[in-house]
Every structure is written in C-alpha cells, then in structure tokens.
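For reference, target-v2.txt (compact mmCIF, C-alpha atoms):
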# COMPACT_ATOMS: atom_id res chain seq x y z
CA MET D 1 105.67 84.46 136.26
CA LYS D 2 106.87 87.92 137.29
CA ARG D 3 107.78 88.75 133.70
CA LYS D 4 104.34 87.71 132.45
CA LYS D 5 102.59 89.79 135.10
CA SER D 6 104.68 92.85 134.24
CA LEU D 7 103.82 92.47 130.55
CA LEU D 8 100.13 92.10 131.32
CA LYS D 9 100.24 95.15 133.57
CA LYS D 10 101.92 97.15 130.80
CA ILE D 11 99.22 96.10 128.32
CA ASN D 12 96.47 97.12 130.76
CA ASP D 13 98.09 100.53 131.26
CA LEU D 14 98.43 101.01 127.51
CA ILE D 15 94.74 100.25 126.91
CA ARG D 16 93.69 102.66 129.66
CA GLN D 17 95.88 105.45 128.31
CA ALA D 18 94.40 104.97 124.84
CA ARG D 19 90.89 105.44 126.31
CA VAL D 20 89.61 102.55 124.25
CA PRO D 21 85.79 102.66 124.04
CA VAL D 22 83.94 99.94 125.89
CA TYR D 23 82.45 98.67 122.62
CA LEU D 24 83.67 99.43 119.09
CA HIS D 25 80.21 99.15 117.55
CA HIS D 26 76.55 99.37 118.60
CA PHE D 27 75.14 96.38 116.72
CA GLY D 28 73.66 93.36 118.45
CA PRO D 29 73.97 92.14 122.05
CA LYS D 30 77.44 92.32 123.62
CA LYS D 31 78.95 90.05 126.23
CA TYR D 32 82.64 91.08 126.20
CA THR D 33 84.24 94.52 126.16
CA SER D 34 86.82 95.73 123.66
CA LEU D 35 89.39 95.84 126.50
CA GLN D 36 89.11 92.08 126.93
CA HIS D 37 89.42 91.53 123.18
CA ILE D 38 92.50 93.75 122.80
CA LYS D 39 94.19 92.11 125.79
CA CYS D 40 93.75 88.65 124.27
CA TRP D 41 94.86 89.95 120.84
CA LEU D 42 98.20 91.23 122.17
CA LEU D 43 98.91 88.27 124.44
CA LYS D 44 98.21 85.79 121.66
CA GLU D 45 100.64 87.53 119.33
CA LYS D 46 103.26 87.55 122.09
CA ILE D 47 103.04 83.76 122.43
CA GLY D 48 102.88 83.21 118.66
CA CYS D 49 100.33 80.41 118.45
CA SER D 50 96.85 79.81 117.06
CA TRP D 51 93.74 81.14 118.78
CA GLU D 52 92.65 77.65 119.81
CA ASP D 53 96.00 76.83 121.44
CA PHE D 54 96.07 80.22 123.14
CA ILE D 55 92.67 79.70 124.77
CA ASP D 56 93.23 76.06 125.68
CA ASP D 57 96.85 76.07 126.86
CA HIS D 58 98.29 79.54 127.49
CA ILE D 59 95.62 81.91 128.78
CA MET D 60 95.63 80.32 132.25
CA TYR D 61 99.18 81.56 132.92
CA TYR D 62 98.12 85.20 132.55
CA ASN D 63 95.16 85.05 134.96
CA VAL D 64 92.72 86.49 132.40
CA ASN D 65 89.08 85.77 133.16
CA LYS D 66 86.05 85.75 130.85
CA ILE D 67 87.68 84.75 127.59
CA PRO D 68 85.68 85.17 124.35
CA HIS D 69 85.38 82.33 121.86
CA SER D 70 88.12 81.96 119.25
CA SER D 71 85.76 82.81 116.37
CA THR D 72 84.72 86.00 118.18
CA LEU D 73 88.35 87.04 118.61
CA LYS D 74 89.15 86.35 114.95
CA LYS D 75 86.30 88.61 113.82
CA PHE D 76 87.34 91.32 116.26
CA VAL D 77 90.93 91.36 114.98
CA LYS D 78 89.68 92.00 111.44
CA ARG D 79 87.45 94.86 112.61
CA ILE D 80 89.94 96.85 114.70
CA PRO D 81 89.89 100.40 113.26
CA VAL D 82 93.10 101.92 111.95
CA TRP D 83 92.84 104.98 114.22
CA LEU D 84 92.90 102.74 117.29
CA LYS D 85 95.95 100.83 116.04
CA ASN D 86 97.84 104.06 115.37
CA LYS D 87 96.92 105.39 118.81
CA LEU D 88 98.15 102.26 120.57
CA ILE D 89 101.45 102.40 118.68
CA ALA D 90 101.90 106.10 119.48
CA LEU D 91 101.35 105.44 123.19
CA SER D 92 103.70 102.45 123.20
CA VAL D 93 106.53 104.66 121.87
CA ALA D 94 106.53 106.79 125.06
CA ILE D 95 109.04 109.41 123.89
CA GLU D 96 108.59 113.16 123.50
CA SER D 97 111.45 113.95 121.13
CA ALA D 98 113.99 112.20 118.93
CA ILE D 99 117.31 113.33 117.48
CA TYR D 100 117.83 110.69 114.80
CA GLY D 101 115.25 108.74 112.82
CA SER D 102 115.34 106.37 109.87
CA ILE D 103 112.94 104.83 107.37
CA ASP D 104 113.36 101.44 105.75
CA SER D 105 111.22 98.68 104.27
CA THR D 106 111.32 94.91 104.47
CA GLY D 107 109.25 91.94 103.34
CA LEU D 108 107.03 89.54 105.26
CA SER D 109 106.07 86.17 103.85
CA ARG D 110 102.37 85.31 103.73
CA THR D 111 103.07 81.71 104.67
CA ASN D 112 105.77 79.65 106.34
CA ALA D 113 105.60 76.85 103.80
CA SER D 114 108.74 75.21 102.48
CA ASP D 115 110.35 76.18 99.17
CA HIS D 116 108.93 73.03 97.60
CA TYR D 117 105.39 74.39 97.93
CA ILE D 118 106.19 78.04 97.19
CA LYS D 119 107.77 77.44 93.76
CA ARG D 120 106.65 75.25 90.91
CA ILE D 121 108.17 74.05 87.64
CA ASP D 122 107.64 76.36 84.63
CA ARG D 123 106.82 79.30 86.90
CA ASP D 124 108.92 82.47 87.06
CA GLU D 125 107.36 84.00 90.21
CA PRO D 126 106.34 82.47 93.57
CA ILE D 127 102.70 81.58 94.14
CA LYS D 128 102.18 84.14 96.90
CA LYS D 129 104.09 87.41 96.87
CA SER D 130 105.33 88.82 100.14
CA LEU D 131 103.92 91.80 102.01
CA LYS D 132 105.82 95.08 102.08
CA LEU D 133 106.39 96.59 105.52
CA SER D 134 107.73 100.16 105.75
CA MET D 135 108.70 101.47 109.19
CA TYR D 136 109.80 104.78 110.66
CA SER D 137 112.19 104.13 113.57
CA SER D 138 114.17 106.01 116.18
CA LYS D 139 116.76 103.99 118.10
CA ARG D 140 114.88 100.92 119.42
CA LYS D 141 111.41 102.41 118.87
CA ILE D 142 109.12 101.96 115.87
CA LEU D 143 107.21 105.23 115.50
CA SER D 144 104.89 104.30 112.61
CA PHE D 145 104.50 101.71 109.87
CA ARG D 146 102.65 100.98 106.66
CA LEU D 147 101.79 97.53 105.33
CA ARG D 148 101.10 96.97 101.64
CA ALA D 149 99.77 93.87 99.92
CA LYS D 150 101.59 94.79 96.68
CA TRP D 151 105.11 96.14 96.35
CA CYS D 152 105.63 99.68 95.10
CA GLY D 153 108.26 102.42 95.23
CA ASP D 154 109.71 103.27 98.63
CA THR D 155 109.16 107.00 98.21
CA LYS D 156 105.36 106.63 98.23
CA ASP D 157 105.26 105.71 101.93
CA VAL D 158 107.34 108.56 103.37
CA SER D 159 104.51 111.08 103.70
CA TYR D 160 102.18 108.51 105.32
CA LEU D 161 104.82 107.44 107.86
CA LEU D 162 105.55 111.01 108.90
CA ASP D 163 101.87 111.91 109.20
CA HIS D 164 101.15 109.02 111.57
CA ALA D 165 104.32 109.24 113.68
CA PRO D 166 103.85 110.71 117.20
CA VAL D 167 107.35 112.26 117.01
CA ILE D 168 109.43 113.37 114.02
CA ALA D 169 113.19 113.24 114.48
CA ASN D 170 115.39 116.25 113.79
CA VAL D 171 117.70 114.32 111.45
CA ASN D 172 116.36 111.47 109.29
CA CYS D 173 118.59 108.94 107.50
CA LEU D 174 117.34 106.91 104.53
CA ASP D 175 119.03 104.67 102.00
CA LYS D 176 119.40 105.20 98.24
CA GLY D 177 115.98 103.76 97.51
CA TYR D 178 114.44 106.97 98.88
CA ASP D 179 116.64 109.32 96.83
CA SER D 180 114.14 111.85 95.49
CA ASN D 181 113.91 115.61 95.64
CA LYS D 182 110.25 115.32 96.72
CA VAL D 183 111.28 113.23 99.72
CA HIS D 184 113.78 115.91 100.76
CA GLU D 185 111.09 118.58 100.34
CA GLU D 186 108.72 116.52 102.52
CA PHE D 187 111.17 116.72 105.40
CA ARG D 188 112.01 120.38 104.80
CA ILE D 189 108.32 121.31 104.97
CA ARG D 190 108.27 119.83 108.48
CA ASP D 191 111.42 121.81 109.47
CA VAL D 192 113.61 118.73 109.83
CA TYR D 193 116.62 117.45 107.92
CA SER D 194 117.10 114.39 105.74
CA ILE D 195 120.29 112.51 104.81
CA ILE D 196 119.90 110.34 101.71
CA PRO D 197 122.86 109.27 99.56
CA ALA D 198 122.42 110.38 95.95
CA LYS D 199 122.25 107.77 93.24
CA LYS D 200 124.83 107.47 90.52
CA ASN D 201 124.79 110.22 87.85
CA CYS D 202 122.69 112.57 90.01
CA ARG D 203 122.09 115.77 87.98
CA ARG D 204 118.66 117.09 88.98
CA GLY D 205 117.14 118.36 92.20
CA ARG D 206 118.43 121.05 94.53
CA TYR D 207 118.56 118.88 97.65
CA ARG D 208 119.91 115.87 95.79
CA LYS D 209 122.86 117.92 94.55
CA GLN D 210 123.52 119.07 98.13
CA MET D 211 123.64 115.44 99.24
CA ARG D 212 125.95 114.57 96.36
CA ASP D 213 128.43 117.35 97.15
CA CYS D 214 128.20 117.54 100.98
CA PHE D 215 127.32 114.10 102.31
CA ASP D 216 127.77 113.47 106.06
CA TYR D 217 128.78 109.85 106.60
CA ALA D 218 129.07 110.25 110.38
CA GLN D 219 125.38 111.00 110.84
CA TYR D 220 124.26 108.66 108.07
CA TRP D 221 125.30 105.60 110.11
CA GLU D 222 122.39 106.34 112.45
CA ARG D 223 120.32 104.58 109.79
CA ASN D 224 121.26 101.34 111.56
CA ALA D 225 118.25 101.91 113.83
CA SER D 226 115.91 100.73 111.09
CA GLU D 227 118.08 97.69 110.38
CA TYR D 228 118.07 96.79 114.08
CA ASN D 229 114.27 97.09 114.36
CA ASN D 230 113.72 95.03 111.20
CA SER D 231 116.00 92.31 112.54
CA SER D 232 114.57 92.40 116.06
CA LEU D 233 110.98 92.19 114.82
CA LYS D 234 111.71 89.15 112.68
CA ARG D 235 113.83 87.40 115.30
CA CYS D 236 111.14 87.75 117.96
CA PHE D 237 108.00 87.09 115.89
CA GLY D 238 109.23 85.44 112.70
CA ASP D 239 109.50 86.62 109.10
CA HIS D 240 105.99 85.53 108.10
CA VAL D 241 102.37 86.26 109.03
CA ARG D 242 99.87 83.59 109.99
CA SER D 243 96.67 85.35 108.96
CA ILE D 244 95.12 85.00 105.52
CA ASN D 245 92.93 88.12 105.27
CA PHE D 246 94.83 91.38 104.75
CA ARG D 247 92.99 93.21 107.53
CA ALA D 248 93.92 90.42 109.93
CA GLN D 249 97.51 90.56 108.67
CA HIS D 250 97.58 94.31 109.34
CA SER D 251 96.34 93.74 112.90
CA GLU D 252 98.92 90.99 113.40
CA VAL D 253 101.79 93.29 112.38
CA THR D 254 100.36 96.08 114.57
CA ALA D 255 100.38 93.81 117.62
CA ARG D 256 104.00 92.85 116.94
CA ILE D 257 105.10 96.49 116.76
CA ILE D 258 103.24 97.36 119.99
CA LEU D 259 104.87 94.45 121.81
CA HIS D 260 108.26 95.38 120.37
CA ASN D 261 107.93 98.91 121.79
CA LEU D 262 106.68 97.63 125.14
CA LYS D 263 109.59 95.20 125.37
CA ASP D 264 112.02 98.05 124.84
CA LEU D 265 110.20 100.11 127.47
CA LEU D 266 110.53 97.30 130.02
CA LEU D 267 114.22 96.98 129.12
CA ASP D 268 114.75 100.69 129.84
CA PHE D 269 113.12 100.32 133.26
CA PHE D 270 115.38 97.35 134.01
CA THR D 271 118.59 99.17 133.02
CA ARG D 272 117.61 102.23 135.05
CA ALA D 273 117.06 100.05 138.11
CA LEU D 274 120.60 98.70 137.77

Please go through the file and, once you have read it, give me the structure as structure tokens.
Amino acid sequence: MKRKKSLLKKINDLIRQARVPVYLHHFGPKKYTSLQHIKCWLLKEKIGCSWEDFIDDHIMYYNVNKIPHSSTLKKFVKRIPVWLKNKLIALSVAIESAIYGSIDSTGLSRTNASDHYIKRIDRDEPIKKSLKLSMYSSKRKILSFRLRAKWCGDTKDVSYLLDHAPVIANVNCLDKGYDSNKVHEEFRIRDVYSIIPAKKNCRRGRYRKQMRDCFDYAQYWERNASEYNNSSLKRCFGDHVRSINFRAQHSEVTARIILHNLKDLLLDFFTRAL
C-alpha cells in the first residue's frame, strides 16, 4: 500500500508541475477535469489491464474518487495533445544535464496473438506489421521518443528526438544503422559530439571518415543505455500494445515511458536514503 501511495503522489506532483489545464477543450458540458482523466490513464497503464477491469477491480486500491466512465476515458486517451505528452515526459526525466546519451529503435507488436493467428499459409508477411519505437536515452532515463506506424530509416528520427528532448547529452552513441554524415552534422550543429561506427567500405563524408580512422570504443559502450531502456520497457509493460487506434497506441506508449522515468526516480530516492 505504501508503494501505491508513493506512486500516486508522484503522479499528482507531475501533473501539477506540468500545469495541465482544467479542461482540454471548451465543447459541451464537463463533469470531470483533465487531472482526473490523466491520473486514471497513468494508473491503468501501470496495472496493465482493460479499462473495465481497472474501474471495477483496481481503482479502489488507489483511493481515487469520482471516476469517469470507461468510454469517456477511452475517448480522452485518443484526444491527448502531443504537446502535453512531451511536457509530461520532459518533467518525468528530472535531470538538468547528461554526459552520455544514445538513440536506438525497437519494435512493438500491435497484438499479443499467437503465431498461429499472425501468419497464414501462402503469405510472405505477417497480417499486422509492428510499430517502430525510436527512443533517445541517457542512463536509465528516456528523454524523448517517436512512434511510427510504418517502418522507415533510422536516420529520419534523429532530428525529431533531439528537438523534443529536454536535455541533450554531450556525447551521443548510436549504432551502425545511424551512420550518416547528416546525422553527425545534426549533432555538431547543437555543439555536441556523436560516436557512430562507420559501415563497411566507408569512403564519403568528413565525419564518417573521422569515425572510421579514430573510433573510441571506450565511450561507445555507453550505448548500452538504450539497450537497457528497451529491455526494461518491454519487461515491465510487455512487447505489444493493446490499443487499436494509432492515437491511442501513441498515448499508451507515452504512459509507459512516463511511468518508466518515475520508477527510476523513486529508485534514486530509495538508494539515496540507504
């Protein structure tokens, strides 16, 4: 019970710091505030169940009063603006500077069905392709992310991740999939460094040639931060999303990243107390 109360308190503090407006729109009569909706949205994702089970079985343990209907919460999750999601993630990071950072991408399944239902005879590709999740991490913190419904090149997400990150690390480590002179220039414009191993037969690009000739393996191993966050996110919340609509899937992944950062923040408080 103490752990649940501390998590709820942390969520309340996060919502207050974000200065979430009382209502996100001005249409129609309103009975519940956006603070109540966001609180239920994060707690539901923490438990990992359906909205109906959350309202019927789990909400009583968190002492949350005045609960909206499940259909109201489902509509709210689809309508959460992107600026509010990015602000909540930035506040959940709670760091002012970072030395090392890393960018990596992973896949999330759209369904948790068995292989028997995903693949069919005389079909080369699965019925539903996975989502692509790109994340910018620093140690145990996820600074920013981008979710795509269709897979594309890794280099296309670098600029977006850096623009929406609250903090940009001084040294950034990426794998070979991000080997591009434009990616190096993106980091140099922001006065930070990038370490990306050059691909085989690298012959073009000023920064790529520097990586080929003077590659620092000692600092490159800091890229494990992205691997840790990918693994931790999937171990805690699963490797699939439950929502069907893409906007709801985006909100679901956002809630997981916020809870992941809050969990790490609570862990830091616990280790300091020891």

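Comparing D:Ile99, D:Lys141, D:Ser50, D:Ser134 by their smallest distance to D:Lys263, the closest is D:Lys141 (using all atoms listed in the file).
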
Checklist entry - Rounded to one decimal in Å, what is the spacing between atom CA of D:Val77 and atom CA of D:Ala248? => result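 Between atom CA of D:Val77 and atom CA of D:Ala248 the gap works out to 5.9 Å.
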
Checklist entry - Between D:Asp213, D:Asp157, D:Asp53, D:Asp104, which has the minimum distance to D:Asp175 (counting all atoms listed in the file)? => result D:Asp104

Next on the checklist: Show me the residues around (100.9, 103.1, 116.1) - criterion: an atom at most 9 Å away, only C-alpha atoms counted - as an MDAnalysis selection string.
Outcome noted: chainID D and resid 82:93 142:145 164:166 254 257:258

Could you name the residues that touch D:Trp151 at 9 Å or less, counting only C-alpha atoms, but leaving out those on the same chain fewer than 6 positions away, as an mmCIF file with C-alpha atoms, in the coordinates of the input?
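part.cif, written as the output of this step:
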data_model
loop_
_atom_site.group_PDB
_atom_site.id
_atom_site.type_symbol
_atom_site.label_atom_id
_atom_site.label_comp_id
_atom_site.auth_asym_id
_atom_site.auth_seq_id
_atom_site.Cartn_x
_atom_site.Cartn_y
_atom_site.Cartn_z
ATOM 1 C CA LYS D 129 104.090 87.410 96.870
ATOM 2 C CA SER D 130 105.330 88.820 100.140
ATOM 3 C CA LEU D 131 103.920 91.800 102.010
ATOM 4 C CA LYS D 132 105.820 95.080 102.080
#

Item to check | Selection near D:Leu24, 12 Å with all atoms listed in the file, sequence-local residues under 3 positions removed, as a list of chain:residue names | outcome: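 The residues that qualify are D:Arg19, D:Val20, D:Pro21, D:Phe27, D:Gly28, D:Lys30, D:Tyr32, D:Thr33, D:Ser34, D:Leu35, D:His37, D:Ile38, D:Phe76, D:Val77, D:Arg79, D:Ile80, D:Pro81, D:Trp83, D:Leu84.
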
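Between D:Gly205 and the residues D:Leu133, D:Ile55, D:Asn181, D:Leu108, the shortest atom-to-atom distance, using all atoms listed in the file, involves D:Asn181.
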
Next on the checklist: What does the structure give for the distance between atom CA of D:Val167 and atom CA of D:Leu7, in Å to one decimal?
Outcome noted: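 These two atoms are separated by 24.2 Å.
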
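Taking atom CA of D:Lys44 and atom CA of D:Pro29 as the two end points, the separation is 25.1 Å.
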
Item to check | Shell of 12 Å around D:Ile47, only C-alpha atoms, local chain residues under 6 positions omitted, as a PyMOL selection string | outcome: chain D and resi 4+7+40-41+53-55+57-59+61-62+236-238+255-256+259

Item to check | Which of D:Leu43, D:Leu14, D:Val253, D:Cys202 sits closest to D:Leu147 [using all atoms listed in the file] | outcome: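 Of all the options, D:Val253 lies closest to D:Leu147.
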